[in-house]
file protein-v6.pdb (PDB, C-alpha atoms)
ATOM      1  CA  MET A   3      21.071  -9.533 -18.317  1.00  0.00           C
ATOM      2  CA  ALA A   4      20.252  -7.182 -15.502  1.00  0.00           C
ATOM      3  CA  LEU A   5      17.218  -5.502 -13.993  1.00  0.00           C
ATOM      4  CA  LEU A   6      17.439  -1.728 -14.307  1.00  0.00           C
ATOM      5  CA  PRO A   7      15.901   0.806 -11.909  1.00  0.00           C
ATOM      6  CA  ILE A   8      12.876   2.568 -13.431  1.00  0.00           C
ATOM      7  CA  LEU A   9      12.596   6.308 -12.784  1.00  0.00           C
ATOM      8  CA  SER A  10       9.317   7.423 -11.177  1.00  0.00           C
ATOM      9  CA  PHE A  11       7.288  10.566 -11.803  1.00  0.00           C
ATOM     10  CA  PRO A  12       8.033  13.388 -10.934  1.00  0.00           C
ATOM     11  CA  ASP A  13      11.772  12.643 -11.361  1.00  0.00           C
ATOM     12  CA  PRO A  14      13.134  15.476 -13.566  1.00  0.00           C
ATOM     13  CA  ARG A  15      15.289  13.032 -15.557  1.00  0.00           C
ATOM     14  CA  LEU A  16      12.055  11.789 -17.167  1.00  0.00           C
ATOM     15  CA  ARG A  17      11.873  15.207 -18.880  1.00  0.00           C
ATOM     16  CA  THR A  18      15.202  14.712 -20.694  1.00  0.00           C
ATOM     17  CA  ILE A  19      14.967  14.617 -24.486  1.00  0.00           C
ATOM     18  CA  ALA A  20      16.652  11.480 -25.843  1.00  0.00           C
ATOM     19  CA  GLU A  21      19.525  11.664 -28.325  1.00  0.00           C
ATOM     20  CA  PRO A  22      19.581   9.593 -31.527  1.00  0.00           C
ATOM     21  CA  VAL A  23      21.583   6.365 -31.495  1.00  0.00           C
ATOM     22  CA  GLU A  24      24.650   6.889 -33.702  1.00  0.00           C
ATOM     23  CA  GLU A  25      25.440   3.209 -34.213  1.00  0.00           C
ATOM     24  CA  VAL A  26      23.847  -0.059 -33.103  1.00  0.00           C
ATOM     25  CA  THR A  27      26.584  -1.626 -30.968  1.00  0.00           C
ATOM     26  CA  ASP A  28      26.805  -4.578 -28.602  1.00  0.00           C
ATOM     27  CA  GLU A  29      26.270  -2.069 -25.770  1.00  0.00           C
ATOM     28  CA  ILE A  30      22.957  -0.981 -27.341  1.00  0.00           C
ATOM     29  CA  ARG A  31      21.912  -4.617 -27.837  1.00  0.00           C
ATOM     30  CA  GLN A  32      22.752  -5.363 -24.173  1.00  0.00           C
ATOM     31  CA  LEU A  33      20.791  -2.333 -23.017  1.00  0.00           C
ATOM     32  CA  ALA A  34      17.790  -3.544 -25.058  1.00  0.00           C
ATOM     33  CA  ALA A  35      18.088  -7.022 -23.478  1.00  0.00           C
ATOM     34  CA  ASP A  36      18.269  -5.485 -19.987  1.00  0.00           C
ATOM     35  CA  MET A  37      15.279  -3.270 -20.787  1.00  0.00           C
ATOM     36  CA  PHE A  38      13.238  -6.304 -21.887  1.00  0.00           C
ATOM     37  CA  GLU A  39      14.106  -8.122 -18.661  1.00  0.00           C
ATOM     38  CA  THR A  40      13.164  -5.024 -16.636  1.00  0.00           C
ATOM     39  CA  MET A  41       9.906  -4.515 -18.560  1.00  0.00           C
ATOM     40  CA  TYR A  42       8.815  -8.150 -18.226  1.00  0.00           C
ATOM     41  CA  GLU A  43       9.627  -8.182 -14.494  1.00  0.00           C
ATOM     42  CA  ALA A  44       7.780  -4.896 -13.793  1.00  0.00           C
ATOM     43  CA  PRO A  45       5.446  -6.127 -15.543  1.00  0.00           C
ATOM     44  CA  GLY A  46       4.809  -3.878 -18.542  1.00  0.00           C
ATOM     45  CA  ILE A  47       4.343  -3.922 -22.298  1.00  0.00           C
ATOM     46  CA  GLY A  48       6.659  -1.069 -23.297  1.00  0.00           C
ATOM     47  CA  LEU A  49       9.727   0.713 -21.970  1.00  0.00           C
ATOM     48  CA  ALA A  50      11.711   3.677 -23.274  1.00  0.00           C
ATOM     49  CA  ALA A  51      15.407   4.090 -22.469  1.00  0.00           C
ATOM     50  CA  THR A  52      14.601   7.419 -20.801  1.00  0.00           C
ATOM     51  CA  GLN A  53      12.681   5.527 -18.113  1.00  0.00           C
ATOM     52  CA  VAL A  54      15.864   3.679 -17.094  1.00  0.00           C
ATOM     53  CA  ASP A  55      17.927   6.893 -17.115  1.00  0.00           C
ATOM     54  CA  ARG A  56      19.551   6.261 -20.514  1.00  0.00           C
ATOM     55  CA  HIS A  57      18.716   9.188 -22.737  1.00  0.00           C
ATOM     56  CA  ILE A  58      18.936   7.617 -26.163  1.00  0.00           C
ATOM     57  CA  GLN A  59      16.193   6.894 -28.695  1.00  0.00           C
ATOM     58  CA  LEU A  60      15.543   3.245 -27.859  1.00  0.00           C
ATOM     59  CA  ILE A  61      12.176   1.612 -27.148  1.00  0.00           C
ATOM     60  CA  VAL A  62      11.393  -2.021 -26.335  1.00  0.00           C
ATOM     61  CA  MET A  63       7.893  -3.437 -26.466  1.00  0.00           C
ATOM     62  CA  ASP A  64       6.054  -6.738 -26.321  1.00  0.00           C
ATOM     63  CA  LEU A  65       2.279  -6.717 -26.644  1.00  0.00           C
ATOM     64  CA  SER A  66       1.906 -10.497 -26.897  1.00  0.00           C
ATOM     65  CA  GLU A  67       0.065 -12.521 -24.289  1.00  0.00           C
ATOM     66  CA  HIS A  68       2.968 -14.968 -23.847  1.00  0.00           C
ATOM     67  CA  LYS A  69       5.730 -12.321 -23.936  1.00  0.00           C
ATOM     68  CA  ASP A  70       7.292 -13.921 -26.990  1.00  0.00           C
ATOM     69  CA  GLN A  71       7.061 -11.169 -29.631  1.00  0.00           C
ATOM     70  CA  PRO A  72       9.675  -8.567 -28.638  1.00  0.00           C
ATOM     71  CA  LEU A  73       9.858  -5.393 -30.697  1.00  0.00           C
ATOM     72  CA  VAL A  74      12.757  -2.932 -30.718  1.00  0.00           C
ATOM     73  CA  PHE A  75      12.578   0.577 -32.141  1.00  0.00           C
ATOM     74  CA  ILE A  76      15.813   2.592 -32.441  1.00  0.00           C
ATOM     75  CA  ASN A  77      15.582   6.250 -33.522  1.00  0.00           C
ATOM     76  CA  PRO A  78      11.832   5.859 -34.105  1.00  0.00           C
ATOM     77  CA  LYS A  79       9.790   8.392 -36.013  1.00  0.00           C
ATOM     78  CA  VAL A  80       5.996   8.237 -35.725  1.00  0.00           C
ATOM     79  CA  THR A  81       3.676   9.862 -38.256  1.00  0.00           C
ATOM     80  CA  PRO A  82      -0.110   9.947 -37.748  1.00  0.00           C
ATOM     81  CA  LEU A  83      -1.959   8.443 -40.726  1.00  0.00           C
ATOM     82  CA  THR A  84      -5.350   9.835 -39.732  1.00  0.00           C
ATOM     83  CA  GLU A  85      -6.800  12.788 -37.885  1.00  0.00           C
ATOM     84  CA  GLU A  86      -9.171  10.397 -36.141  1.00  0.00           C
ATOM     85  CA  THR A  87      -8.263   9.874 -32.495  1.00  0.00           C
ATOM     86  CA  GLN A  88      -9.310   7.249 -30.026  1.00  0.00           C
ATOM     87  CA  PRO A  89      -9.313   7.286 -26.229  1.00  0.00           C
ATOM     88  CA  TYR A  90      -7.309   4.502 -24.631  1.00  0.00           C
ATOM     89  CA  GLU A  91      -6.730   3.854 -20.958  1.00  0.00           C
ATOM     90  CA  GLU A  92      -3.003   4.125 -20.350  1.00  0.00           C
ATOM     91  CA  GLY A  93      -0.718   3.286 -17.497  1.00  0.00           C
ATOM     92  CA  CYS A  94       3.023   3.691 -17.156  1.00  0.00           C
ATOM     93  CA  LEU A  95       5.859   1.950 -15.336  1.00  0.00           C
ATOM     94  CA  SER A  96       7.153   5.414 -14.347  1.00  0.00           C
ATOM     95  CA  VAL A  97       3.740   6.393 -12.962  1.00  0.00           C
ATOM     96  CA  PRO A  98       2.812   3.195 -11.096  1.00  0.00           C
ATOM     97  CA  GLN A  99      -0.795   2.395 -10.238  1.00  0.00           C
ATOM     98  CA  ILE A 100      -2.173   5.392 -12.167  1.00  0.00           C
ATOM     99  CA  TYR A 101      -4.437   4.796 -15.167  1.00  0.00           C
ATOM    100  CA  ASP A 102      -6.417   7.261 -17.238  1.00  0.00           C
ATOM    101  CA  LYS A 103      -7.735   7.789 -20.754  1.00  0.00           C
ATOM    102  CA  VAL A 104      -5.593   9.612 -23.317  1.00  0.00           C
ATOM    103  CA  GLU A 105      -6.691  10.592 -26.841  1.00  0.00           C
ATOM    104  CA  ARG A 106      -4.170   9.727 -29.548  1.00  0.00           C
ATOM    105  CA  PRO A 107      -4.231   9.271 -33.332  1.00  0.00           C
ATOM    106  CA  SER A 108      -5.764   5.868 -34.055  1.00  0.00           C
ATOM    107  CA  ARG A 109      -3.412   4.893 -36.904  1.00  0.00           C
ATOM    108  CA  VAL A 110       0.299   5.714 -37.301  1.00  0.00           C
ATOM    109  CA  LYS A 111       3.324   4.888 -39.414  1.00  0.00           C
ATOM    110  CA  ILE A 112       6.502   3.954 -37.537  1.00  0.00           C
ATOM    111  CA  GLU A 113       9.949   4.260 -39.099  1.00  0.00           C
ATOM    112  CA  ALA A 114      12.860   2.936 -37.039  1.00  0.00           C
ATOM    113  CA  ILE A 115      16.036   0.843 -36.977  1.00  0.00           C
ATOM    114  CA  ASN A 116      16.216  -2.669 -35.499  1.00  0.00           C
ATOM    115  CA  LEU A 117      19.010  -4.282 -33.428  1.00  0.00           C
ATOM    116  CA  GLU A 118      20.800  -5.322 -36.636  1.00  0.00           C
ATOM    117  CA  GLY A 119      20.979  -1.665 -37.688  1.00  0.00           C
ATOM    118  CA  GLN A 120      18.450  -2.153 -40.501  1.00  0.00           C
ATOM    119  CA  ALA A 121      15.755   0.404 -41.213  1.00  0.00           C
ATOM    120  CA  PHE A 122      12.140  -0.756 -41.230  1.00  0.00           C
ATOM    121  CA  GLU A 123       8.676   0.738 -41.470  1.00  0.00           C
ATOM    122  CA  ILE A 124       5.317  -0.505 -40.203  1.00  0.00           C
ATOM    123  CA  GLU A 125       1.797   0.815 -39.909  1.00  0.00           C
ATOM    124  CA  ALA A 126       0.049   0.386 -36.590  1.00  0.00           C
ATOM    125  CA  ASP A 127      -3.377   0.801 -35.068  1.00  0.00           C
ATOM    126  CA  GLU A 128      -5.086  -0.123 -31.799  1.00  0.00           C
ATOM    127  CA  LEU A 129      -2.753  -1.037 -28.909  1.00  0.00           C
ATOM    128  CA  LEU A 130       0.482  -0.918 -30.941  1.00  0.00           C
ATOM    129  CA  ALA A 131      -0.321   2.611 -32.167  1.00  0.00           C
ATOM    130  CA  VAL A 132      -1.120   3.754 -28.611  1.00  0.00           C
ATOM    131  CA  CYS A 133       1.935   2.097 -27.100  1.00  0.00           C
ATOM    132  CA  ILE A 134       4.441   3.460 -29.628  1.00  0.00           C
ATOM    133  CA  GLN A 135       3.056   6.991 -29.199  1.00  0.00           C
ATOM    134  CA  HIS A 136       3.202   6.639 -25.397  1.00  0.00           C
ATOM    135  CA  GLU A 137       6.840   5.470 -25.531  1.00  0.00           C
ATOM    136  CA  MET A 138       7.754   8.157 -28.094  1.00  0.00           C
ATOM    137  CA  ASP A 139       6.482  10.735 -25.624  1.00  0.00           C
ATOM    138  CA  HIS A 140       9.062   9.425 -23.128  1.00  0.00           C
ATOM    139  CA  LEU A 141      11.846  10.015 -25.655  1.00  0.00           C
ATOM    140  CA  ASN A 142      10.582  13.595 -25.951  1.00  0.00           C
ATOM    141  CA  GLY A 143      10.450  14.192 -22.179  1.00  0.00           C
ATOM    142  CA  LYS A 144       6.674  13.857 -21.925  1.00  0.00           C
ATOM    143  CA  LEU A 145       4.515  11.608 -19.732  1.00  0.00           C
ATOM    144  CA  PHE A 146       0.944  10.433 -20.215  1.00  0.00           C
ATOM    145  CA  VAL A 147      -0.082  12.401 -17.103  1.00  0.00           C
ATOM    146  CA  ASP A 148       0.782  15.574 -19.041  1.00  0.00           C
ATOM    147  CA  TYR A 149      -2.430  14.964 -21.017  1.00  0.00           C
ATOM    148  CA  LEU A 150      -4.511  14.996 -17.829  1.00  0.00           C
ATOM    149  CA  SER A 151      -6.054  17.948 -16.019  1.00  0.00           C
ATOM    150  CA  PRO A 152      -3.811  19.745 -13.498  1.00  0.00           C
ATOM    151  CA  LEU A 153      -5.862  18.278 -10.628  1.00  0.00           C
ATOM    152  CA  LYS A 154      -5.529  14.688 -11.903  1.00  0.00           C
ATOM    153  CA  ARG A 155      -1.811  15.232 -12.556  1.00  0.00           C
ATOM    154  CA  GLN A 156      -1.292  16.525  -8.980  1.00  0.00           C
ATOM    155  CA  ARG A 157      -3.182  13.562  -7.533  1.00  0.00           C
ATOM    156  CA  ALA A 158      -1.069  11.182  -9.605  1.00  0.00           C
ATOM    157  CA  ARG A 159       2.101  12.875  -8.379  1.00  0.00           C
ATOM    158  CA  GLU A 160       1.034  12.584  -4.735  1.00  0.00           C
ATOM    159  CA  LYS A 161       0.041   8.934  -5.128  1.00  0.00           C
ATOM    160  CA  VAL A 162       3.337   7.999  -6.812  1.00  0.00           C
ATOM    161  CA  GLU A 163       5.368   9.902  -4.196  1.00  0.00           C
ATOM    162  CA  LYS A 164       3.479   8.095  -1.413  1.00  0.00           C
ATOM    163  CA  LEU A 165       4.052   4.735  -3.132  1.00  0.00           C
ATOM    164  CA  THR A 166       7.769   5.516  -3.550  1.00  0.00           C
ATOM    165  CA  ARG A 167       8.098   6.411   0.161  1.00  0.00           C
ATOM    166  CA  GLN A 168       6.345   3.159   1.127  1.00  0.00           C
ATOM    167  CA  ARG A 169       8.663   1.114  -1.120  1.00  0.00           C
ATOM    168  CA  GLN A 170      11.690   2.775   0.523  1.00  0.00           C
ATOM    169  CA  LYS A 171      10.320   1.923   3.985  1.00  0.00           C
ATOM    170  CA  ASP A 172       9.725  -1.671   2.888  1.00  0.00           C
ATOM    171  CA  LYS A 173      13.328  -1.968   1.597  1.00  0.00           C
ATOM    172  CA  VAL A 174      14.681  -0.692   4.918  1.00  0.00           C
ATOM    173  CA  ALA A 175      12.481  -3.114   6.866  1.00  0.00           C
ATOM    174  CA  VAL A 176      13.667  -6.055   4.725  1.00  0.00           C
ATOM    175  CA  LYS A 177      17.344  -5.084   5.263  1.00  0.00           C
ATOM    176  CA  ARG A 178      16.806  -4.895   9.037  1.00  0.00           C
ATOM    177  CA  GLY A 179      14.771  -8.119   9.134  1.00  0.00           C
TER
END
call {"tool": "encode", "arguments": {"input": "protein-v6.pdb", "output": "structure tokens"}}
result
Amino acid sequence: MALLPILSFPDPRLRTIAEPVEEVTDEIRQLAADMFETMYEAPGIGLAATQVDRHIQLIVMDLSEHKDQPLVFINPKVTPLTEETQPYEEGCLSVPQIYDKVERPSRVKIEAINLEGQAFEIEADELLAVCIQHEMDHLNGKLFVDYLSPLKRQRAREKVEKLTRQRQKDKVAVKRG
């Protein structure tokens, strides 16, 4: 397994619309394994392939406390099951250290394929419903900051750019040290 670099907002590659997976291959299974390792290390609870610069419809997720309930969604389709929405504070590995409330449908149906190439369907609410919708947005070139006001979005962009510059400085200092 390998840690993959996570793209940071406002990188334009995060706006790429993901292509469907034609066939679940060993390469796809390896990418999912690498994405889990990357997500756990970050640490996060969900990661879309778009965030690691692979523009295919693949999402990994683990909402469990002990990181022992991995979920994989290939070619996911999400359908709201209610018009009722709920606000949920979201964060994102591609928008580090930024958190804000986003309104999303409170209950959804998810249709997808697993790593064995088998189709499955589940209904979700609460955190799973929020997380799958957040990750689906990534596959469609959208970020949670797109739901925020222009001022909040600009502040998030500036904060992430500053954080990215600081991380680059830190890497250089470690190499010199």
call {"tool": "residues_around", "arguments": {"input": "protein-v6.pdb", "residues": "segment 72-80 of chain A", "least_positions_apart": "2", "cutoff": "7 Å", "atoms": "only C-alpha atoms", "output": "number ranges by chain"}}
result
A: 22-23, 59-64, 70, 82, 110-117
call {"tool": "closest_residue", "arguments": {"input": "protein-v6.pdb", "among": "A:Pro7, A:Pro107, A:Pro14, A:Gly93", "to": "Gly48 of chain A", "atoms": "only C-alpha atoms"}}
result
A:Gly93
call {"tool": "resolve_selection", "arguments": {"input": "protein-v6.pdb", "expression": "the PyMOL selection byres ((chain A and resi 43) around 12)", "output": "list of chain:residue names"}}
result
A:Ala4, A:Leu5, A:Leu6, A:Pro7, A:Ile8, A:Asp36, A:Met37, A:Phe38, A:Glu39, A:Thr40, A:Met41, A:Tyr42, A:Ala44, A:Pro45, A:Gly46, A:Ile47, A:Gly48, A:Leu49, A:Lys69, A:Leu95
call {"tool": "residues_around", "arguments": {"input": "protein-v6.pdb", "residues": "segment 158-162 of chain A", "least_positions_apart": "3", "cutoff": "8 Å", "atoms": "all atoms listed in the file", "output": "list of chain:residue names"}}
result
A:Ser10, A:Phe11, A:Pro12, A:Val97, A:Pro98, A:Gln99, A:Ile100, A:Val147, A:Lys154, A:Arg155, A:Leu165, A:Thr166
call {"tool": "resolve_selection", "arguments": {"input": "protein-v6.pdb", "expression": "the PyMOL selection byres ((chain A and resi 128-135) around 8)", "output": "list in words"}}
result
Gly48, Leu65, Val80, Tyr90, Arg106, Pro107, Ser108, Arg109, Val110, Ala126, Asp127, His136, Glu137, Met138 and Asp139 of chain A
call {"tool": "write_last_selection", "arguments": {"input": "protein-v6.pdb", "atoms": "C-alpha atoms", "output": "mmCIF file, keeping the file's coordinate frame"}}
result
data_model
loop_
_atom_site.group_PDB
_atom_site.id
_atom_site.type_symbol
_atom_site.label_atom_id
_atom_site.label_comp_id
_atom_site.auth_asym_id
_atom_site.auth_seq_id
_atom_site.Cartn_x
_atom_site.Cartn_y
_atom_site.Cartn_z
ATOM 1 C CA GLY A 48 6.659 -1.069 -23.297
ATOM 2 C CA LEU A 65 2.279 -6.717 -26.644
ATOM 3 C CA VAL A 80 5.996 8.237 -35.725
ATOM 4 C CA TYR A 90 -7.309 4.502 -24.631
ATOM 5 C CA ARG A 106 -4.170 9.727 -29.548
ATOM 6 C CA PRO A 107 -4.231 9.271 -33.332
ATOM 7 C CA SER A 108 -5.764 5.868 -34.055
ATOM 8 C CA ARG A 109 -3.412 4.893 -36.904
ATOM 9 C CA VAL A 110 0.299 5.714 -37.301
ATOM 10 C CA ALA A 126 0.049 0.386 -36.590
ATOM 11 C CA ASP A 127 -3.377 0.801 -35.068
ATOM 12 C CA HIS A 136 3.202 6.639 -25.397
ATOM 13 C CA GLU A 137 6.840 5.470 -25.531
ATOM 14 C CA MET A 138 7.754 8.157 -28.094
ATOM 15 C CA ASP A 139 6.482 10.735 -25.624
#
call {"tool": "closest_atom_pairs", "arguments": {"input": "protein-v6.pdb", "of": "segment 10-54 of chain A", "to": "segment 140-143 of chain A", "cutoff": "10 Å", "atoms": "all atoms listed in the file", "output": "Markdown table"}}
result
| residue | atom | partner | partner_atom | distance |
| --- | --- | --- | --- | --- |
| A:Pro14 | CA | A:Gly143 | CA | 9.1 |
| A:Arg15 | CA | A:Gly143 | CA | 8.3 |
| A:Leu16 | CA | A:Gly143 | CA | 5.8 |
| A:Arg17 | CA | A:Gly143 | CA | 3.7 |
| A:Thr18 | CA | A:Gly143 | CA | 5.0 |
| A:Ile19 | CA | A:Asn142 | CA | 4.7 |
| A:Ala20 | CA | A:Leu141 | CA | 5.0 |
| A:Glu21 | CA | A:Leu141 | CA | 8.3 |
| A:Pro22 | CA | A:Leu141 | CA | 9.7 |
| A:Leu49 | CA | A:His140 | CA | 8.8 |
| A:Ala50 | CA | A:His140 | CA | 6.3 |
| A:Ala51 | CA | A:Leu141 | CA | 7.6 |
| A:Thr52 | CA | A:Leu141 | CA | 6.2 |
| A:Gln53 | CA | A:His140 | CA | 7.3 |
call {"tool": "write_last_selection", "arguments": {"input": "protein-v6.pdb", "atoms": "C-alpha atoms", "output": "JSON list (two decimals), in the coordinates of the input"}}
result
[["chain", "number", "residue", "atom", "x", "y", "z"],
["A", 14, "PRO", "CA", 13.13, 15.48, -13.57],
["A", 15, "ARG", "CA", 15.29, 13.03, -15.56],
["A", 16, "LEU", "CA", 12.06, 11.79, -17.17],
["A", 17, "ARG", "CA", 11.87, 15.21, -18.88],
["A", 18, "THR", "CA", 15.20, 14.71, -20.69],
["A", 19, "ILE", "CA", 14.97, 14.62, -24.49],
["A", 20, "ALA", "CA", 16.65, 11.48, -25.84],
["A", 21, "GLU", "CA", 19.52, 11.66, -28.32],
["A", 22, "PRO", "CA", 19.58, 9.59, -31.53],
["A", 49, "LEU", "CA", 9.73, 0.71, -21.97],
["A", 50, "ALA", "CA", 11.71, 3.68, -23.27],
["A", 51, "ALA", "CA", 15.41, 4.09, -22.47],
["A", 52, "THR", "CA", 14.60, 7.42, -20.80],
["A", 53, "GLN", "CA", 12.68, 5.53, -18.11]]
call {"tool": "atom_distance", "arguments": {"input": "protein-v6.pdb", "atom1": "atom CA of His57 of chain A", "atom2": "atom CA of Gln168 of chain A"}}
result
27.5 Å
call {"tool": "closest_residue", "arguments": {"input": "protein-v6.pdb", "among": "A:Gly119, A:Gln88, A:Leu9, A:Val104", "to": "Ile30 of chain A", "atoms": "all atoms listed in the file"}}
result
A:Gly119
